[in-house]
Amino acid sequence: MSGTYLGMPAFPRAARDAVRDTTLRGNLRHATHTIRDKRARAVAELADWQELRAAGKAIKDRTLRHLDHYLVRLEEAVTAAGGTVHWAADAAEANAIVTYLVKATGESEVVKVKSMATQEIGLNEALEAEGIRAYETDLAELIVQLGEDRPSHILVPAIHRNRAEIRDIFDQEMGRWGRPAPEGLSDSPAELAEAARLHLREKFLRAKVGISGANFMVAETGTLVVVESEGNGRMCLTLPETLISVVGIEKVVPTWQDLEVFLQLLPRSSTAERMNPYTSTWTGTTDSDGPQNFHLVLLDNGRTDTLADEVGRQALRCIRCSACLNVCPVYERAGGHAYGSVYPGPIGAILSPQLRGTASEIDASLPYASSLCGACYEVCPVAIDIPEVLVHLRERVVQGGEVTRNGVKVTLRPAKGHAAERAAMRAARWALDHPGALRAGQRLASRTRRLHPKRLPGPGRAWTDTRTLPEVPEESFRDWWQRTRGGDR
Amino acid sequence: MNSSRERVLARVRRALADVPREERPRDHRVERGYLRAHGERTVEETTALLAENLADYRAVVHRTRASGLPDLIARLLERHGSRSVLVPPGLPAPWTAACHATRVDDLAASTPHELDAVDSVVTGCAVAIAETGTLVLDGGPGQGRRRITLVPDHHICVVRVPEQVVDSVPLALERLDPTRPLTWISGPSATSDIELDRVEGVHGPRTLEVVLVEADPAGATDENP
């Protein structure tokens, strides 16, 4: 299935390699701590943050509970404003629609605004296969694209790279894609940004087709909203003749007024700014200003399956701010690549297994990529209870149960890897139901305590690889209580 | 592709089997207990906050009276070394009357490459937000097409105070027309993608100058400050 990086090991194995990389850990620690401290200050400026957060949650819930209603309204409004709406049930359909639209313009290259949705469906690769070159124009995405790398953070995709690595990538790769990096390029961020400006401006000024995602779509008016900092978004949204926006169906909000909540929640949660440098809104097409052809591709690709799960549904409230990544102790150490999906961190741990199902090893392992500390829930601007969904998904993986896949209800079988855990739980239940056996077992364990191994044999070994086996006390609590009555005797 | 539309909508409806059939969107309550603005401010305090927040995001802020505007704009263009200045249709003629730079009109037919050759652009705006330090352009008279404030490297934006200034994001949205294309600008183009060091000017204008212009006091003669 698209979206899963091929051959990706399960989270624990991928994370084990990542935590040994000291450069990566240093880069990540610096980045996550910087943003999280700034974010806390930006949020503290607003006395009504909790009210905004509650409103953001409620607006998203209202939308999700009546998603069909709002999608139909949105379609009407976009069409009335001169746009064309397309529907895509999965990645393959979305890629086919976009490829068809680009080919219809006669162009063989497109400029792209950073977009999680198009990464999720592997659009660049699909276009490449049809002979169309897609240029990423966000600075971090450019670094990732030139380095033939993968993004590792929702907001700052090249966060795992330091300036020296970026300099080398620009120096070696820019020439293959267009204007080469200037001679004697240093690793100062200002010089690197200048190199990117020159390299990309060439492409912006000649581009005929732009591809974007959107942060929000307003059902009432048909307005799309893109929030960004660099101006590459504005370039792609206004200079080309044709604009194609690929947007997940969960990005719709009911009214224009609702933006007053999200345009306060998003910048402060993501970049820790009062407002991001640039926000663009457009409604269909406008005479002689901006693209004259506008196509909106509404993407399902697992979202309706997620919607069908009453506990997991809340993950669709996500506005992709990445605040949860920056506070997560697991993300901070493991990095984004270990999650094996375009959505890393706590939100990725609940979103990816819902969008893709838990059939693959990596997806089955993601609900466990957490210490359940709850910091992600605290910072989430739309109050997604990530720990609740994690526990819910763990239950699904271990016990199986009814889920919706591709719109069809199926009964999931318990995951293979958890047989030993289930056997242990069954044994524990039996023992706790039989007090006599439990007492005998405890006494036996106490008397043989010196003979116990430090590591468990068989299937339990994986558990003791990373944990110290607890020592059995000389006497069980029951025996101690019977002997002393809680210390009275 | 029409079958996909029906397929997705049918999946949505099946997925929402738990939502009572009689529930209407409005029945799911949205409490709007948040503030319309963060704090009580006098007109002058709001303007001062706008100036402060714009400067915090590295826009260069100037204040003047209407009668001083033409000279100020001419000075800013000169200081920037601009030999050409892009002018949207509907920009009040006096604003650029004192400029030595060659005036270039914003034409639908001009290509992005032509815009790239211009040194500066002067526009008005639709509304400015004090609490966030944001200018909003809506393509109205004096603002022109979206691309003219994007491609040239130097943007001078004139804000009429106090009429065009609001305190907060909610108050700005009330004033704006969603059918027009809007550009919200908070400081010059910037990136923090390299080790989170903020760098100004990646793709948009690297220099943003904002002129807060007040009307001349009633009865005052036309004099330059």
# chains A, B, ... in the order shown; residues from 1 in each chain; ligands from 1

$ interface_residues --of "chain B" --to "chain A" --cutoff "7 Å" --atoms "only C-alpha atoms" --output "PyMOL selection string"
chain B and resi 1+4-5+8-9+11-13+15-16+19+25+28-35+108+112-113+132+145-147+169-170+173+178-191+193-197+199+202-204

$ residues_around --residues "region 150-159 of chain B" --least-positions-apart "2" --cutoff "6 Å" --atoms "only C-alpha atoms" --output "VMD selection string"
chain B and resid 116 118 to 124 147 to 148 204 to 212

$ write_last_selection --atoms "all heavy atoms" --output "short mmCIF file (atom, residue, chain, number, x, y, z; two decimals), in the first residue's frame"
data_model
loop_
_atom_site.label_atom_id
_atom_site.label_comp_id
_atom_site.auth_asym_id
_atom_site.auth_seq_id
_atom_site.Cartn_x
_atom_site.Cartn_y
_atom_site.Cartn_z
N ASP B 116 10.08 40.58 -12.06
CA ASP B 116 11.33 40.27 -11.36
C ASP B 116 12.38 41.36 -11.58
O ASP B 116 13.29 41.52 -10.77
CB ASP B 116 11.84 38.91 -11.86
CG ASP B 116 12.93 38.33 -10.96
OD1 ASP B 116 12.86 38.58 -9.74
OD2 ASP B 116 13.83 37.66 -11.47
N VAL B 118 11.79 44.57 -11.63
CA VAL B 118 11.44 45.81 -10.95
C VAL B 118 12.04 45.81 -9.53
O VAL B 118 12.09 44.78 -8.88
CB VAL B 118 9.90 45.97 -10.87
CG1 VAL B 118 9.53 47.29 -10.21
CG2 VAL B 118 9.29 45.87 -12.25
N ASP B 119 12.50 46.99 -9.08
CA ASP B 119 13.19 47.05 -7.79
C ASP B 119 12.25 47.06 -6.58
O ASP B 119 12.52 46.41 -5.58
CB ASP B 119 14.08 48.31 -7.73
CG ASP B 119 15.19 48.26 -8.77
OD1 ASP B 119 15.75 47.17 -8.96
OD2 ASP B 119 15.48 49.30 -9.38
N SER B 120 11.17 47.86 -6.66
CA SER B 120 10.30 48.02 -5.49
C SER B 120 8.84 48.04 -5.91
O SER B 120 8.53 48.20 -7.09
CB SER B 120 10.59 49.35 -4.78
OG SER B 120 11.91 49.39 -4.32
N VAL B 121 7.97 47.86 -4.93
CA VAL B 121 6.53 47.99 -5.18
C VAL B 121 5.91 48.77 -4.02
O VAL B 121 6.33 48.62 -2.87
CB VAL B 121 5.86 46.60 -5.35
CG1 VAL B 121 6.08 45.72 -4.13
CG2 VAL B 121 4.37 46.73 -5.64
N VAL B 122 4.95 49.65 -4.34
CA VAL B 122 4.24 50.40 -3.31
C VAL B 122 2.76 50.03 -3.39
O VAL B 122 2.18 50.06 -4.47
CB VAL B 122 4.38 51.92 -3.50
CG1 VAL B 122 3.59 52.67 -2.42
CG2 VAL B 122 5.85 52.34 -3.46
N THR B 123 2.17 49.64 -2.26
CA THR B 123 0.73 49.33 -2.23
C THR B 123 0.09 49.87 -0.96
O THR B 123 0.78 50.22 0.00
CB THR B 123 0.47 47.80 -2.24
OG1 THR B 123 0.84 47.27 -0.95
CG2 THR B 123 1.22 47.08 -3.33
N GLY B 124 -1.23 49.88 -0.98
CA GLY B 124 -1.99 50.08 0.25
C GLY B 124 -2.33 48.70 0.81
O GLY B 124 -1.73 47.71 0.42
N ARG B 147 0.58 38.88 -7.22
CA ARG B 147 2.00 38.63 -7.54
C ARG B 147 2.88 39.88 -7.42
O ARG B 147 4.09 39.75 -7.26
CB ARG B 147 2.10 38.06 -8.94
CG ARG B 147 1.49 38.97 -9.98
CD ARG B 147 1.44 38.31 -11.34
NE ARG B 147 1.16 39.33 -12.35
CZ ARG B 147 1.34 39.14 -13.64
NH1 ARG B 147 1.77 37.97 -14.07
NH2 ARG B 147 1.06 40.09 -14.49
N ILE B 148 2.27 41.08 -7.47
CA ILE B 148 3.14 42.27 -7.48
C ILE B 148 3.81 42.51 -6.12
O ILE B 148 4.87 43.12 -6.05
CB ILE B 148 2.42 43.55 -7.97
CG1 ILE B 148 1.35 44.00 -6.99
CG2 ILE B 148 1.88 43.36 -9.37
CD1 ILE B 148 0.88 45.43 -7.26
N GLY B 204 9.90 35.50 -1.05
CA GLY B 204 9.15 36.76 -1.15
C GLY B 204 10.11 37.92 -0.97
O GLY B 204 11.32 37.75 -0.93
N PRO B 205 9.56 39.17 -0.85
CA PRO B 205 10.41 40.34 -0.65
C PRO B 205 11.27 40.19 0.61
O PRO B 205 10.78 39.79 1.66
CB PRO B 205 9.40 41.47 -0.46
CG PRO B 205 8.15 40.99 -1.09
CD PRO B 205 8.13 39.50 -0.93
N ARG B 206 12.56 40.54 0.46
CA ARG B 206 13.43 40.44 1.63
C ARG B 206 13.30 41.65 2.54
O ARG B 206 13.68 41.61 3.69
CB ARG B 206 14.89 40.29 1.17
CG ARG B 206 15.20 38.86 0.80
CD ARG B 206 16.61 38.71 0.30
NE ARG B 206 16.71 39.17 -1.08
CZ ARG B 206 17.68 38.79 -1.91
NH1 ARG B 206 18.62 37.97 -1.49
NH2 ARG B 206 17.73 39.22 -3.14
N THR B 207 12.79 42.74 1.98
CA THR B 207 12.60 43.94 2.80
C THR B 207 11.14 44.36 2.75
O THR B 207 10.57 44.54 1.68
CB THR B 207 13.49 45.09 2.30
OG1 THR B 207 14.81 44.60 2.13
CG2 THR B 207 13.47 46.25 3.27
N LEU B 208 10.54 44.47 3.93
CA LEU B 208 9.16 44.96 4.04
C LEU B 208 9.19 46.25 4.85
O LEU B 208 9.64 46.26 5.99
CB LEU B 208 8.28 43.92 4.73
CG LEU B 208 6.85 44.38 5.07
CD1 LEU B 208 6.03 44.62 3.81
CD2 LEU B 208 6.14 43.34 5.95
N GLU B 209 8.74 47.35 4.22
CA GLU B 209 8.64 48.61 4.97
C GLU B 209 7.16 48.97 5.07
O GLU B 209 6.43 48.88 4.09
CB GLU B 209 9.41 49.72 4.25
CG GLU B 209 10.89 49.35 4.10
CD GLU B 209 11.79 50.57 3.93
OE1 GLU B 209 11.88 51.37 4.88
OE2 GLU B 209 12.40 50.69 2.86
N VAL B 210 6.74 49.33 6.28
CA VAL B 210 5.34 49.65 6.51
C VAL B 210 5.24 51.10 6.92
O VAL B 210 5.95 51.55 7.83
CB VAL B 210 4.74 48.75 7.61
CG1 VAL B 210 3.25 49.03 7.78
CG2 VAL B 210 4.96 47.28 7.29
N VAL B 211 4.38 51.85 6.23
CA VAL B 211 4.18 53.26 6.57
C VAL B 211 2.80 53.41 7.20
O VAL B 211 1.78 53.12 6.57
CB VAL B 211 4.29 54.16 5.32
CG1 VAL B 211 4.10 55.62 5.73
CG2 VAL B 211 5.64 53.96 4.63
N LEU B 212 2.78 53.80 8.47
CA LEU B 212 1.51 54.07 9.15
C LEU B 212 1.21 55.55 8.94
O LEU B 212 1.95 56.42 9.43
CB LEU B 212 1.63 53.74 10.64
CG LEU B 212 2.13 52.31 10.96
CD1 LEU B 212 2.23 52.10 12.47
CD2 LEU B 212 1.22 51.27 10.34
#

$ closest_residue --among "B:Leu137, B:Ala98, B:Ala109, B:Ala55" --to "Leu76 (chain B)" --atoms "only C-alpha atoms"
B:Ala98

$ closest_residue --among "B:Pro20, B:Gly133, B:Pro162, B:Gly139" --to "Thr42 (chain B)" --atoms "only C-alpha atoms"
B:Pro162

$ select_by_dssp --residues "region 93-152 of chain A" --states "strand (DSSP E or B)" --output "ChimeraX atom specification"
/A:109-112,133-136

$ write_last_selection --atoms "N, CA, C and O atoms" --output "PDB file, in the first residue's frame"
ATOM      1  N   GLU A 109       6.614  19.674 -16.279  1.00  0.00           N
ATOM      2  CA  GLU A 109       7.150  19.956 -14.939  1.00  0.00           C
ATOM      3  C   GLU A 109       6.142  20.795 -14.142  1.00  0.00           C
ATOM      4  O   GLU A 109       5.355  21.549 -14.718  1.00  0.00           O
ATOM      5  N   VAL A 110       6.184  20.616 -12.830  1.00  0.00           N
ATOM      6  CA  VAL A 110       5.271  21.349 -11.952  1.00  0.00           C
ATOM      7  C   VAL A 110       6.050  21.848 -10.739  1.00  0.00           C
ATOM      8  O   VAL A 110       7.058  21.254 -10.356  1.00  0.00           O
ATOM      9  N   VAL A 111       5.591  22.962 -10.146  1.00  0.00           N
ATOM     10  CA  VAL A 111       6.175  23.402  -8.879  1.00  0.00           C
ATOM     11  C   VAL A 111       5.199  23.028  -7.766  1.00  0.00           C
ATOM     12  O   VAL A 111       3.986  23.100  -7.935  1.00  0.00           O
ATOM     13  N   LYS A 112       5.749  22.624  -6.630  1.00  0.00           N
ATOM     14  CA  LYS A 112       4.910  22.132  -5.538  1.00  0.00           C
ATOM     15  C   LYS A 112       5.117  22.911  -4.247  1.00  0.00           C
ATOM     16  O   LYS A 112       6.238  23.222  -3.862  1.00  0.00           O
ATOM     17  N   ARG A 133       8.198  16.054 -13.996  1.00  0.00           N
ATOM     18  CA  ARG A 133       9.084  16.338 -12.883  1.00  0.00           C
ATOM     19  C   ARG A 133       8.407  17.315 -11.916  1.00  0.00           C
ATOM     20  O   ARG A 133       7.931  18.365 -12.322  1.00  0.00           O
ATOM     21  N   ALA A 134       8.375  16.932 -10.646  1.00  0.00           N
ATOM     22  CA  ALA A 134       7.761  17.787  -9.626  1.00  0.00           C
ATOM     23  C   ALA A 134       8.859  18.405  -8.774  1.00  0.00           C
ATOM     24  O   ALA A 134       9.673  17.685  -8.196  1.00  0.00           O
ATOM     25  N   TYR A 135       8.920  19.737  -8.731  1.00  0.00           N
ATOM     26  CA  TYR A 135       9.931  20.418  -7.929  1.00  0.00           C
ATOM     27  C   TYR A 135       9.340  20.838  -6.595  1.00  0.00           C
ATOM     28  O   TYR A 135       8.394  21.621  -6.553  1.00  0.00           O
ATOM     29  N   GLU A 136       9.917  20.345  -5.505  1.00  0.00           N
ATOM     30  CA  GLU A 136       9.515  20.811  -4.182  1.00  0.00           C
ATOM     31  C   GLU A 136      10.129  22.190  -3.973  1.00  0.00           C
ATOM     32  O   GLU A 136      11.294  22.407  -4.301  1.00  0.00           O
TER      33      GLU A 136
END

$ closest_atom_pairs --of "region 354-462 of chain A" --to "region 328-333 of chain A" --cutoff "12 Å" --atoms "only C-alpha atoms" --output "CSV"
residue,atom,partner,partner_atom,distance
A:Leu366,CA,A:Val330,CA,11.5
A:Tyr368,CA,A:Val330,CA,10.5
A:Ala369,CA,A:Val330,CA,7.1
A:Ser370,CA,A:Val330,CA,6.2
A:Ser371,CA,A:Val330,CA,7.2
A:Leu372,CA,A:Cys328,CA,9.7
A:Cys373,CA,A:Cys328,CA,8.5
A:Gly374,CA,A:Cys328,CA,8.8
A:Ala375,CA,A:Cys328,CA,6.7
A:Cys376,CA,A:Cys328,CA,6.5
A:Tyr377,CA,A:Cys328,CA,10.2
A:Glu378,CA,A:Cys328,CA,11.0
A:Val379,CA,A:Cys328,CA,10.3
A:Cys380,CA,A:Cys328,CA,11.6
A:Ile386,CA,A:Cys328,CA,11.4
A:Pro387,CA,A:Cys328,CA,11.8

$ write_last_selection --atoms "C-alpha atoms" --output "short mmCIF file (atom, residue, chain, number, x, y, z; two decimals), in the first residue's frame"
data_model
loop_
_atom_site.label_atom_id
_atom_site.label_comp_id
_atom_site.auth_asym_id
_atom_site.auth_seq_id
_atom_site.Cartn_x
_atom_site.Cartn_y
_atom_site.Cartn_z
CA LEU A 366 3.27 2.23 15.94
CA TYR A 368 3.47 1.06 20.99
CA ALA A 369 5.82 3.93 20.00
CA SER A 370 4.86 5.88 23.10
CA SER A 371 5.45 6.07 26.81
CA LEU A 372 1.83 7.24 27.27
CA CYS A 373 3.11 10.27 29.21
CA GLY A 374 0.30 12.44 27.87
CA ALA A 375 2.38 15.53 26.97
CA CYS A 376 1.05 15.34 23.39
CA TYR A 377 -2.54 15.64 24.58
CA GLU A 378 -1.65 18.66 26.74
CA VAL A 379 -0.23 20.66 23.83
CA CYS A 380 -2.65 19.58 21.12
CA ILE A 386 -3.63 10.76 21.65
CA PRO A 387 -2.97 8.43 24.64
#

$ decode --residues "region 159-171 of chain B" --atoms "N, CA, C and O atoms" --output "compact mmCIF listing (two decimals), in the first residue's frame"
# COMPACT_ATOMS: atom_id res chain seq x y z
N VAL B 159 -0.42 51.87 5.43
CA VAL B 159 -1.60 51.55 6.24
C VAL B 159 -2.19 52.86 6.76
O VAL B 159 -1.49 53.66 7.40
N ARG B 160 -3.47 53.11 6.49
CA ARG B 160 -4.10 54.32 7.02
C ARG B 160 -4.55 54.06 8.46
O ARG B 160 -5.33 53.13 8.72
N VAL B 161 -3.98 54.84 9.39
CA VAL B 161 -4.39 54.67 10.79
C VAL B 161 -5.26 55.86 11.19
O VAL B 161 -5.04 56.97 10.70
N PRO B 162 -6.25 55.61 12.02
CA PRO B 162 -6.59 54.32 12.61
C PRO B 162 -7.60 53.51 11.79
O PRO B 162 -7.86 52.36 12.16
N GLU B 163 -8.14 54.03 10.68
CA GLU B 163 -9.27 53.34 10.01
C GLU B 163 -8.98 51.90 9.62
O GLU B 163 -9.87 51.05 9.66
N GLN B 164 -7.76 51.62 9.18
CA GLN B 164 -7.50 50.28 8.63
C GLN B 164 -6.94 49.31 9.68
O GLN B 164 -6.61 48.19 9.33
N VAL B 165 -6.85 49.75 10.93
CA VAL B 165 -6.23 48.89 11.95
C VAL B 165 -7.30 48.29 12.86
O VAL B 165 -8.17 49.00 13.35
N VAL B 166 -7.21 46.97 13.07
CA VAL B 166 -8.07 46.30 14.06
C VAL B 166 -7.16 45.63 15.09
O VAL B 166 -5.98 45.45 14.85
N ASP B 167 -7.75 45.25 16.22
CA ASP B 167 -6.96 44.65 17.29
C ASP B 167 -6.57 43.20 16.99
O ASP B 167 -5.44 42.81 17.27
N SER B 168 -7.54 42.42 16.46
CA SER B 168 -7.33 40.96 16.52
C SER B 168 -7.73 40.25 15.24
O SER B 168 -8.36 40.83 14.35
N VAL B 169 -7.38 38.98 15.17
CA VAL B 169 -7.73 38.13 14.03
C VAL B 169 -9.26 38.04 13.85
O VAL B 169 -9.75 38.21 12.72
N PRO B 170 -10.05 37.80 14.92
CA PRO B 170 -11.50 37.73 14.71
C PRO B 170 -12.07 39.04 14.13
O PRO B 170 -12.93 39.00 13.25
N LEU B 171 -11.55 40.17 14.58
CA LEU B 171 -12.07 41.44 14.09
C LEU B 171 -11.65 41.69 12.63
O LEU B 171 -12.38 42.34 11.87
